[in-house]
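What follows is the content of work_7.cif, which has mmCIF, C-alpha atoms and all ligand atoms:
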data_model
loop_
_atom_site.group_PDB
_atom_site.id
_atom_site.type_symbol
_atom_site.label_atom_id
_atom_site.label_comp_id
_atom_site.auth_asym_id
_atom_site.auth_seq_id
_atom_site.Cartn_x
_atom_site.Cartn_y
_atom_site.Cartn_z
ATOM 1 C CA MET R 1 96.985 103.208 127.594
ATOM 2 C CA SER R 2 99.673 102.273 130.130
ATOM 3 C CA ARG R 3 103.226 103.388 129.480
ATOM 4 C CA PRO R 4 106.373 102.728 131.521
ATOM 5 C CA ALA R 5 107.440 105.386 133.963
ATOM 6 C CA ILE R 6 110.428 106.438 131.827
ATOM 7 C CA MET R 7 107.999 108.010 129.372
ATOM 8 C CA LYS R 8 107.590 111.399 130.862
ATOM 9 C CA GLY R 9 107.123 114.989 129.784
ATOM 10 C CA CYS R 10 107.951 116.000 126.256
ATOM 11 C CA VAL R 11 109.128 112.544 125.210
ATOM 12 C CA LEU R 12 105.775 111.119 126.243
ATOM 13 C CA MET R 13 103.930 113.931 124.494
ATOM 14 C CA ASN R 14 105.836 113.234 121.279
ATOM 15 C CA LYS R 15 105.162 109.529 121.529
ATOM 16 C CA GLN R 16 101.472 110.235 121.983
ATOM 17 C CA LEU R 17 101.483 111.861 118.564
ATOM 18 C CA ARG R 18 101.909 108.380 117.129
ATOM 19 C CA LYS R 19 99.786 105.253 117.258
ATOM 20 C CA PRO R 20 102.059 102.231 117.579
ATOM 21 C CA VAL R 21 101.708 99.502 114.969
ATOM 22 C CA ILE R 22 102.465 95.843 115.604
ATOM 23 C CA ALA R 23 102.869 93.989 112.332
ATOM 24 C CA GLY R 24 103.467 90.286 111.884
ATOM 25 C CA ASN R 25 105.704 89.227 109.021
ATOM 26 C CA TRP R 26 104.784 85.617 108.429
ATOM 27 C CA LYS R 27 107.560 85.199 105.811
ATOM 28 C CA MET R 28 107.163 81.895 103.880
ATOM 29 C CA ASN R 29 104.850 80.233 106.378
ATOM 30 C CA LYS R 30 101.210 79.085 106.449
ATOM 31 C CA THR R 31 98.845 77.773 103.817
ATOM 32 C CA PRO R 32 95.512 79.520 103.177
ATOM 33 C CA VAL R 33 93.710 77.068 105.494
ATOM 34 C CA GLU R 34 96.294 77.669 108.220
ATOM 35 C CA THR R 35 96.001 81.419 107.625
ATOM 36 C CA THR R 36 92.277 81.374 108.337
ATOM 37 C CA ALA R 37 92.856 79.361 111.497
ATOM 38 C CA LEU R 38 95.646 81.612 112.815
ATOM 39 C CA ILE R 39 93.774 84.855 112.164
ATOM 40 C CA ASN R 40 90.657 83.411 113.791
ATOM 41 C CA GLU R 41 92.793 82.605 116.809
ATOM 42 C CA ILE R 42 94.399 86.063 116.926
ATOM 43 C CA LYS R 43 91.182 88.059 116.394
ATOM 44 C CA PRO R 44 89.574 87.745 119.853
ATOM 45 C CA LEU R 45 92.939 88.230 121.568
ATOM 46 C CA VAL R 46 93.629 91.626 119.984
ATOM 47 C CA LYS R 47 90.097 92.967 119.528
ATOM 48 C CA ASP R 48 90.505 95.710 122.146
ATOM 49 C CA ALA R 49 93.972 96.821 121.026
ATOM 50 C CA SER R 50 94.500 100.562 120.897
ATOM 51 C CA CYS R 51 97.501 100.133 118.577
ATOM 52 C CA GLY R 52 97.409 99.157 114.917
ATOM 53 C CA VAL R 53 97.539 95.412 114.231
ATOM 54 C CA VAL R 54 98.719 94.139 110.847
ATOM 55 C CA VAL R 55 99.520 90.671 109.518
ATOM 56 C CA CYS R 56 101.712 90.476 106.424
ATOM 57 C CA VAL R 57 101.289 87.132 104.716
ATOM 58 C CA PRO R 58 102.477 85.289 101.588
ATOM 59 C CA TYR R 59 100.661 86.284 98.377
ATOM 60 C CA ILE R 60 98.784 82.991 98.222
ATOM 61 C CA ASP R 61 97.308 83.642 101.682
ATOM 62 C CA LEU R 62 96.049 87.174 101.022
ATOM 63 C CA PHE R 63 92.477 86.258 100.091
ATOM 64 C CA ALA R 64 92.125 83.966 103.100
ATOM 65 C CA ALA R 65 93.632 86.635 105.380
ATOM 66 C CA LEU R 66 91.345 89.388 104.070
ATOM 67 C CA GLU R 67 88.315 87.154 104.499
ATOM 68 C CA ALA R 68 89.271 86.039 108.017
ATOM 69 C CA ALA R 69 90.138 89.582 109.126
ATOM 70 C CA LYS R 70 86.925 91.105 107.735
ATOM 71 C CA GLY R 71 85.055 93.113 110.367
ATOM 72 C CA SER R 72 87.978 92.950 112.828
ATOM 73 C CA ASN R 73 90.699 95.436 113.739
ATOM 74 C CA ILE R 74 93.347 93.322 111.987
ATOM 75 C CA LYS R 75 94.721 94.783 108.765
ATOM 76 C CA VAL R 76 96.367 92.668 106.084
ATOM 77 C CA GLY R 77 99.630 93.263 104.276
ATOM 78 C CA ALA R 78 101.747 91.637 101.576
ATOM 79 C CA GLU R 79 105.457 90.949 101.999
ATOM 80 C CA ASN R 80 106.614 92.645 98.805
ATOM 81 C CA CYS R 81 105.383 94.091 95.518
ATOM 82 C CA HIS R 82 106.899 94.772 92.119
ATOM 83 C CA TRP R 83 107.606 98.297 90.868
ATOM 84 C CA ALA R 84 105.894 97.943 87.485
ATOM 85 C CA LYS R 85 102.142 98.135 87.024
ATOM 86 C CA SER R 86 102.108 95.001 84.885
ATOM 87 C CA GLY R 87 104.259 93.276 82.298
ATOM 88 C CA ALA R 88 106.723 90.495 81.604
ATOM 89 C CA PHE R 89 107.936 89.864 85.154
ATOM 90 C CA THR R 90 107.360 86.165 85.713
ATOM 91 C CA GLY R 91 106.491 85.333 89.301
ATOM 92 C CA GLU R 92 105.970 88.914 90.445
ATOM 93 C CA VAL R 93 102.910 90.716 91.844
ATOM 94 C CA SER R 94 102.281 94.428 91.345
ATOM 95 C CA ALA R 95 101.191 96.990 93.909
ATOM 96 C CA ASP R 96 98.083 97.670 91.815
ATOM 97 C CA MET R 97 97.169 93.981 92.011
ATOM 98 C CA LEU R 98 97.431 94.112 95.803
ATOM 99 C CA ALA R 99 95.317 97.262 95.953
ATOM 100 C CA SER R 100 92.736 95.712 93.615
ATOM 101 C CA ILE R 101 91.876 92.998 96.151
ATOM 102 C CA GLY R 102 91.833 95.425 99.086
ATOM 103 C CA VAL R 103 95.249 94.823 100.645
ATOM 104 C CA PRO R 104 96.222 98.025 102.496
ATOM 105 C CA TYR R 105 99.825 97.315 103.618
ATOM 106 C CA VAL R 106 103.026 96.064 102.011
ATOM 107 C CA ILE R 107 106.495 95.367 103.399
ATOM 108 C CA ILE R 108 109.298 96.685 101.187
ATOM 109 C CA GLY R 109 113.059 96.231 101.372
ATOM 110 C CA HIS R 110 113.113 93.429 103.921
ATOM 111 C CA SER R 111 116.678 92.269 104.550
ATOM 112 C CA GLU R 112 115.803 88.751 103.388
ATOM 113 C CA ARG R 113 114.761 90.226 100.026
ATOM 114 C CA ARG R 114 118.052 92.134 99.911
ATOM 115 C CA GLN R 115 120.133 89.150 101.066
ATOM 116 C CA TYR R 116 118.592 86.304 99.033
ATOM 117 C CA PHE R 117 116.907 87.998 96.070
ATOM 118 C CA GLY R 118 119.331 90.719 95.081
ATOM 119 C CA GLU R 119 117.140 93.640 96.034
ATOM 120 C CA THR R 120 118.829 96.990 96.492
ATOM 121 C CA ASP R 121 118.088 100.460 97.786
ATOM 122 C CA VAL R 122 117.125 101.428 94.246
ATOM 123 C CA THR R 123 114.641 98.585 93.804
ATOM 124 C CA ALA R 124 113.255 99.428 97.251
ATOM 125 C CA ARG R 125 112.794 103.022 96.054
ATOM 126 C CA ASP R 126 110.944 101.869 92.929
ATOM 127 C CA ARG R 127 108.736 99.500 94.889
ATOM 128 C CA VAL R 128 107.953 102.235 97.444
ATOM 129 C CA ARG R 129 106.940 104.526 94.585
ATOM 130 C CA ALA R 130 104.653 101.883 93.051
ATOM 131 C CA ALA R 131 103.088 101.044 96.415
ATOM 132 C CA LEU R 132 102.398 104.673 97.295
ATOM 133 C CA ASP R 133 100.975 105.331 93.826
ATOM 134 C CA ALA R 134 98.646 102.366 94.323
ATOM 135 C CA GLY R 135 97.408 103.852 97.607
ATOM 136 C CA LEU R 136 99.111 101.303 99.855
ATOM 137 C CA THR R 137 100.819 101.949 103.176
ATOM 138 C CA VAL R 138 104.461 100.877 103.085
ATOM 139 C CA ILE R 139 106.451 99.231 105.857
ATOM 140 C CA LEU R 140 109.976 100.107 104.724
ATOM 141 C CA CYS R 141 112.657 97.892 106.282
ATOM 142 C CA VAL R 142 116.154 99.155 106.949
ATOM 143 C CA GLY R 143 119.002 97.751 108.985
ATOM 144 C CA GLU R 144 122.712 97.131 109.213
ATOM 145 C CA LEU R 145 124.759 93.931 109.020
ATOM 146 C CA LEU R 146 126.778 92.856 112.047
ATOM 147 C CA GLU R 147 130.076 93.873 110.407
ATOM 148 C CA GLU R 148 128.636 97.307 109.612
ATOM 149 C CA ARG R 149 127.672 97.787 113.267
ATOM 150 C CA GLU R 150 131.156 96.649 114.293
ATOM 151 C CA GLN R 151 132.674 99.219 111.930
ATOM 152 C CA ASN R 152 130.496 101.943 113.486
ATOM 153 C CA ILE R 153 128.775 102.735 110.218
ATOM 154 C CA THR R 154 125.240 101.761 111.265
ATOM 155 C CA MET R 155 123.755 105.199 110.669
ATOM 156 C CA GLU R 156 125.631 105.730 107.397
ATOM 157 C CA ILE R 157 124.115 102.492 106.080
ATOM 158 C CA ILE R 158 120.630 103.221 107.370
ATOM 159 C CA GLY R 159 120.815 106.848 106.251
ATOM 160 C CA LYS R 160 121.665 105.722 102.729
ATOM 161 C CA GLN R 161 118.898 103.115 102.699
ATOM 162 C CA ILE R 162 116.324 105.677 103.816
ATOM 163 C CA LYS R 163 117.486 108.557 101.608
ATOM 164 C CA ILE R 164 117.381 106.368 98.507
ATOM 165 C CA ALA R 165 114.125 104.556 99.320
ATOM 166 C CA LEU R 166 112.325 107.801 100.141
ATOM 167 C CA ALA R 167 113.704 109.812 97.209
ATOM 168 C CA GLY R 168 110.731 111.534 95.623
ATOM 169 C CA VAL R 169 108.327 110.671 98.453
ATOM 170 C CA THR R 170 106.402 113.805 99.432
ATOM 171 C CA ALA R 171 105.516 114.820 102.982
ATOM 172 C CA ALA R 172 101.867 113.951 102.265
ATOM 173 C CA GLU R 173 102.905 110.493 101.035
ATOM 174 C CA LEU R 174 105.148 109.999 104.069
ATOM 175 C CA GLU R 175 101.952 109.654 106.125
ATOM 176 C CA ARG R 176 101.618 106.251 104.454
ATOM 177 C CA VAL R 177 105.150 105.161 105.301
ATOM 178 C CA ILE R 178 106.168 103.208 108.392
ATOM 179 C CA ILE R 179 109.878 102.604 108.876
ATOM 180 C CA ALA R 180 110.954 99.313 110.458
ATOM 181 C CA TYR R 181 114.467 99.278 111.890
ATOM 182 C CA GLU R 182 115.585 95.671 111.683
ATOM 183 C CA PRO R 183 119.264 95.048 112.472
ATOM 184 C CA VAL R 184 120.094 92.132 110.174
ATOM 185 C CA TRP R 185 122.095 90.400 112.905
ATOM 186 C CA ALA R 186 118.993 90.272 115.120
ATOM 187 C CA ILE R 187 116.635 88.671 112.612
ATOM 188 C CA GLY R 188 115.715 85.086 113.363
ATOM 189 C CA THR R 189 118.855 84.691 115.454
ATOM 190 C CA GLY R 190 117.419 85.099 118.926
ATOM 191 C CA LEU R 191 119.850 88.021 119.322
ATOM 192 C CA THR R 192 117.822 91.132 120.054
ATOM 193 C CA ALA R 193 119.149 94.644 119.974
ATOM 194 C CA THR R 194 119.044 95.983 123.506
ATOM 195 C CA ALA R 195 116.222 98.428 124.132
ATOM 196 C CA GLU R 196 118.853 101.205 124.205
ATOM 197 C CA GLN R 197 120.387 100.130 120.875
ATOM 198 C CA ALA R 198 116.951 99.979 119.240
ATOM 199 C CA ASN R 199 115.985 103.368 120.606
ATOM 200 C CA GLU R 200 119.291 104.960 119.629
ATOM 201 C CA VAL R 201 118.874 103.995 115.984
ATOM 202 C CA ASN R 202 115.137 104.774 115.892
ATOM 203 C CA LYS R 203 115.876 108.196 117.362
ATOM 204 C CA ALA R 204 118.561 108.818 114.751
ATOM 205 C CA ILE R 205 116.127 107.767 112.007
ATOM 206 C CA ARG R 206 113.617 110.270 113.396
ATOM 207 C CA GLY R 207 116.338 112.926 113.284
ATOM 208 C CA LEU R 208 116.996 112.083 109.648
ATOM 209 C CA ILE R 209 113.283 112.386 108.830
ATOM 210 C CA GLU R 210 113.305 115.812 110.481
ATOM 211 C CA GLN R 211 116.238 116.812 108.241
ATOM 212 C CA LEU R 212 114.603 115.418 105.094
ATOM 213 C CA TYR R 213 111.047 116.587 105.890
ATOM 214 C CA SER R 214 110.099 118.510 109.031
ATOM 215 C CA LYS R 215 109.858 118.234 112.802
ATOM 216 C CA ALA R 216 106.122 117.584 112.538
ATOM 217 C CA ASP R 217 106.725 114.738 110.073
ATOM 218 C CA ALA R 218 109.470 113.325 112.309
ATOM 219 C CA ASP R 219 107.157 113.481 115.334
ATOM 220 C CA SER R 220 104.353 111.686 113.553
ATOM 221 C CA ILE R 221 106.151 108.948 111.597
ATOM 222 C CA VAL R 222 105.845 105.457 113.059
ATOM 223 C CA ILE R 223 109.260 103.799 113.482
ATOM 224 C CA GLN R 224 109.126 100.147 114.470
ATOM 225 C CA TYR R 225 111.803 97.802 115.737
ATOM 226 C CA GLY R 226 112.113 94.255 114.380
ATOM 227 C CA GLY R 227 114.485 91.385 115.113
ATOM 228 C CA SER R 228 113.730 88.595 117.585
ATOM 229 C CA MET R 229 111.022 90.626 119.320
ATOM 230 C CA ASN R 230 108.939 88.259 121.410
ATOM 231 C CA ALA R 231 106.392 88.087 124.207
ATOM 232 C CA GLN R 232 109.150 88.356 126.828
ATOM 233 C CA ASN R 233 111.213 91.288 125.523
ATOM 234 C CA ALA R 234 108.468 93.313 123.807
ATOM 235 C CA ALA R 235 107.473 95.513 126.742
ATOM 236 C CA GLU R 236 111.010 96.781 127.265
ATOM 237 C CA LEU R 237 111.609 97.488 123.578
ATOM 238 C CA LEU R 238 108.191 99.067 123.056
ATOM 239 C CA GLY R 239 108.609 101.182 126.191
ATOM 240 C CA GLN R 240 111.404 103.145 124.514
ATOM 241 C CA PRO R 241 110.461 106.686 123.501
ATOM 242 C CA ASP R 242 111.314 106.243 119.813
ATOM 243 C CA VAL R 243 110.113 102.662 119.309
ATOM 244 C CA ASP R 244 106.572 102.889 117.962
ATOM 245 C CA GLY R 245 105.765 99.255 117.461
ATOM 246 C CA GLY R 246 107.317 96.154 116.035
ATOM 247 C CA LEU R 247 107.722 94.037 112.946
ATOM 248 C CA ILE R 248 107.532 90.511 114.269
ATOM 249 C CA GLY R 249 108.708 87.366 112.506
ATOM 250 C CA GLY R 250 108.726 84.061 114.387
ATOM 251 C CA ALA R 251 106.593 85.217 117.320
ATOM 252 C CA SER R 252 103.830 86.410 114.981
ATOM 253 C CA LEU R 253 103.098 82.791 114.042
ATOM 254 C CA LYS R 254 101.885 82.008 117.561
ATOM 255 C CA ALA R 255 98.598 83.709 118.394
ATOM 256 C CA ALA R 256 99.206 84.017 122.136
ATOM 257 C CA ASP R 257 102.723 85.432 121.710
ATOM 258 C CA PHE R 258 101.646 87.891 119.026
ATOM 259 C CA ALA R 259 98.737 89.020 121.226
ATOM 260 C CA LYS R 260 101.119 89.576 124.161
ATOM 261 C CA ILE R 261 103.283 91.814 121.975
ATOM 262 C CA VAL R 262 100.199 93.743 120.869
ATOM 263 C CA GLU R 263 99.208 94.131 124.500
ATOM 264 C CA ALA R 264 102.672 95.451 125.362
ATOM 265 C CA ALA R 265 102.314 98.139 122.677
ATOM 266 C CA CYS R 266 98.895 99.380 123.805
HETATM 267 P P1 LIG W 1 112.197 87.503 113.775
HETATM 268 O O1 LIG W 1 111.188 88.182 114.695
HETATM 269 O O2 LIG W 1 111.863 86.069 113.503
HETATM 270 O O3 LIG W 1 113.590 87.728 114.231
HETATM 271 O O4 LIG W 1 112.055 88.243 112.360
HETATM 272 C C1 LIG W 1 112.068 89.616 112.329
HETATM 273 C C2 LIG W 1 111.727 90.051 110.965
HETATM 274 O O5 LIG W 1 112.489 89.826 110.032
HETATM 275 C C3 LIG W 1 110.444 90.727 110.762
HETATM 276 O O6 LIG W 1 110.379 91.291 109.496
#
Please rewrite the model in this file as structure tokens.
Amino acid sequence: MSRPAIMKGCVLMNKQLRKPVIAGNWKMNKTPVETTALINEIKPLVKDASCGVVVCVPYIDLFAALEAAKGSNIKVGAENCHWAKSGAFTGEVSADMLASIGVPYVIIGHSERRQYFGETDVTARDRVRAALDAGLTVILCVGELLEEREQNITMEIIGKQIKIALAGVTAAELERVIIAYEPVWAIGTGLTATAEQANEVNKAIRGLIEQLYSKADADSIVIQYGGSMNAQNAAELLGQPDVDGGLIGGASLKAADFAKIVEAAC
């Protein structure tokens, strides 16, 4: 595993406690046929990765993704799940349903869900609870709007998002939680947080986890960065001591670019 020279001493030791995870968030892209093709393209490119590799796909693509990823080191995730086990929730999919077909990961609280579909910290909390109860690993997304950053309330916003979403989550369950810091202003805009900005927030999130849980939990939790991460800027972002991987949108739809990001994390 090659790491940049800045990763020395204790910082490096702490980072070695964690295995980075690169997760693609395909959003509303790809049909099942295209899913099979893209995963088949990605598979040989990432087969030797020492980090975790996950692709989160639309519900309709899950079967195709699971089938294509079978026998490889690529894990499959959904992009959301409902908080109830079943019931009159037209158009929704429960965490138990995802678990029943063998999906191990689920994204929860993505800013696009919050922005376009009225999701809140409380619904994120309920979805996290359902996902953990179903045995899934959660990728919990948090992040501030541009005006919140400009008002210097980034950590207040993110602190609130995390405290609410993780309310009731035990230390044992936290082992199945990945936090993705995704500044809303950097998503799909081509604007990336600088490596320092990403690390500053990820470090503060780790500090909050230490307060809420313990130092050992803070040292072991995987905290990703997401927002216009691509093949060119990944190495710098992933080289930061508190950035343990990435949640990748646009660049995860191109096999070669996604593989380069995976390579930068390993
Ligand atoms: P982009 O990488 O396209 O900016 O999307 C990031 C994201 O929202 C991942 O969840």
Notebook entry, point to check: Care to translate the PyMOL selection byres (((chain R and resi 199) around 9) and not hetatm) into actual residues of this file, as a ChimeraX atom specification?
Noted result: /R:194-198,200-204,225,237,240-243
Notebook entry, point to check: Any idea what the distance is between CA of Ala131 in chain R and CA of Ala99 in chain R?
Noted result: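 Here the two named atoms are 8.7 Å from each other.
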Next item on the list: Kindly work out which residues sit at most 8 Å from ligand LIG 1 (chain W), using all atoms listed in the file, and give the list as a PyMOL selection string.
Entry: chain R and resi 24-27+110-112+141+182+184+186-190+192+226-230+247-252
Expected file: the selected residues, C-alpha atoms, as a short mmCIF file (atom, residue, chain, number, x, y, z; two decimals), keeping the file's coordinate frame:
data_model
loop_
_atom_site.label_atom_id
_atom_site.label_comp_id
_atom_site.auth_asym_id
_atom_site.auth_seq_id
_atom_site.Cartn_x
_atom_site.Cartn_y
_atom_site.Cartn_z
CA GLY R 24 103.47 90.29 111.88
CA ASN R 25 105.70 89.23 109.02
CA TRP R 26 104.78 85.62 108.43
CA LYS R 27 107.56 85.20 105.81
CA HIS R 110 113.11 93.43 103.92
CA SER R 111 116.68 92.27 104.55
CA GLU R 112 115.80 88.75 103.39
CA CYS R 141 112.66 97.89 106.28
CA GLU R 182 115.58 95.67 111.68
CA VAL R 184 120.09 92.13 110.17
CA ALA R 186 118.99 90.27 115.12
CA ILE R 187 116.64 88.67 112.61
CA GLY R 188 115.72 85.09 113.36
CA THR R 189 118.86 84.69 115.45
CA GLY R 190 117.42 85.10 118.93
CA THR R 192 117.82 91.13 120.05
CA GLY R 226 112.11 94.26 114.38
CA GLY R 227 114.48 91.38 115.11
CA SER R 228 113.73 88.60 117.58
CA MET R 229 111.02 90.63 119.32
CA ASN R 230 108.94 88.26 121.41
CA LEU R 247 107.72 94.04 112.95
CA ILE R 248 107.53 90.51 114.27
CA GLY R 249 108.71 87.37 112.51
CA GLY R 250 108.73 84.06 114.39
CA ALA R 251 106.59 85.22 117.32
CA SER R 252 103.83 86.41 114.98
#
Note to self: For this structure, which residues satisfy the selection - the PyMOL selection byres (((chain R and resi 220) around 12) and not hetatm) - when it is evaluated on the file as given? I want them as an MDAnalysis selection string.
What the structure shows: chainID R and resid 13:20 171:172 174:179 206 209:210 213:219 221:223 242 244
Next item on the list: Record the distance separating CA of Asp96 in chain R and CA of Val128 in chain R, expressed in Å with one decimal.
Entry: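 Here the two named atoms are 12.2 Å from each other.
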Checklist line | Explicit residue set for the PyMOL selection byres (((chain R and resi 101) around 12) and not hetatm), as a VMD selection string | finding: chain R and resid 59 62 to 67 76 to 78 94 to 100 102 to 105 134 136
Next item on the list: May I ask which of the residues R:Ala68, R:Ala165, R:Leu38, R:Val54 is the closest one to Thr123 in chain R, counting all atoms listed in the file?
Entry: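 So, comparing all the options, the nearest one is R:Ala165.
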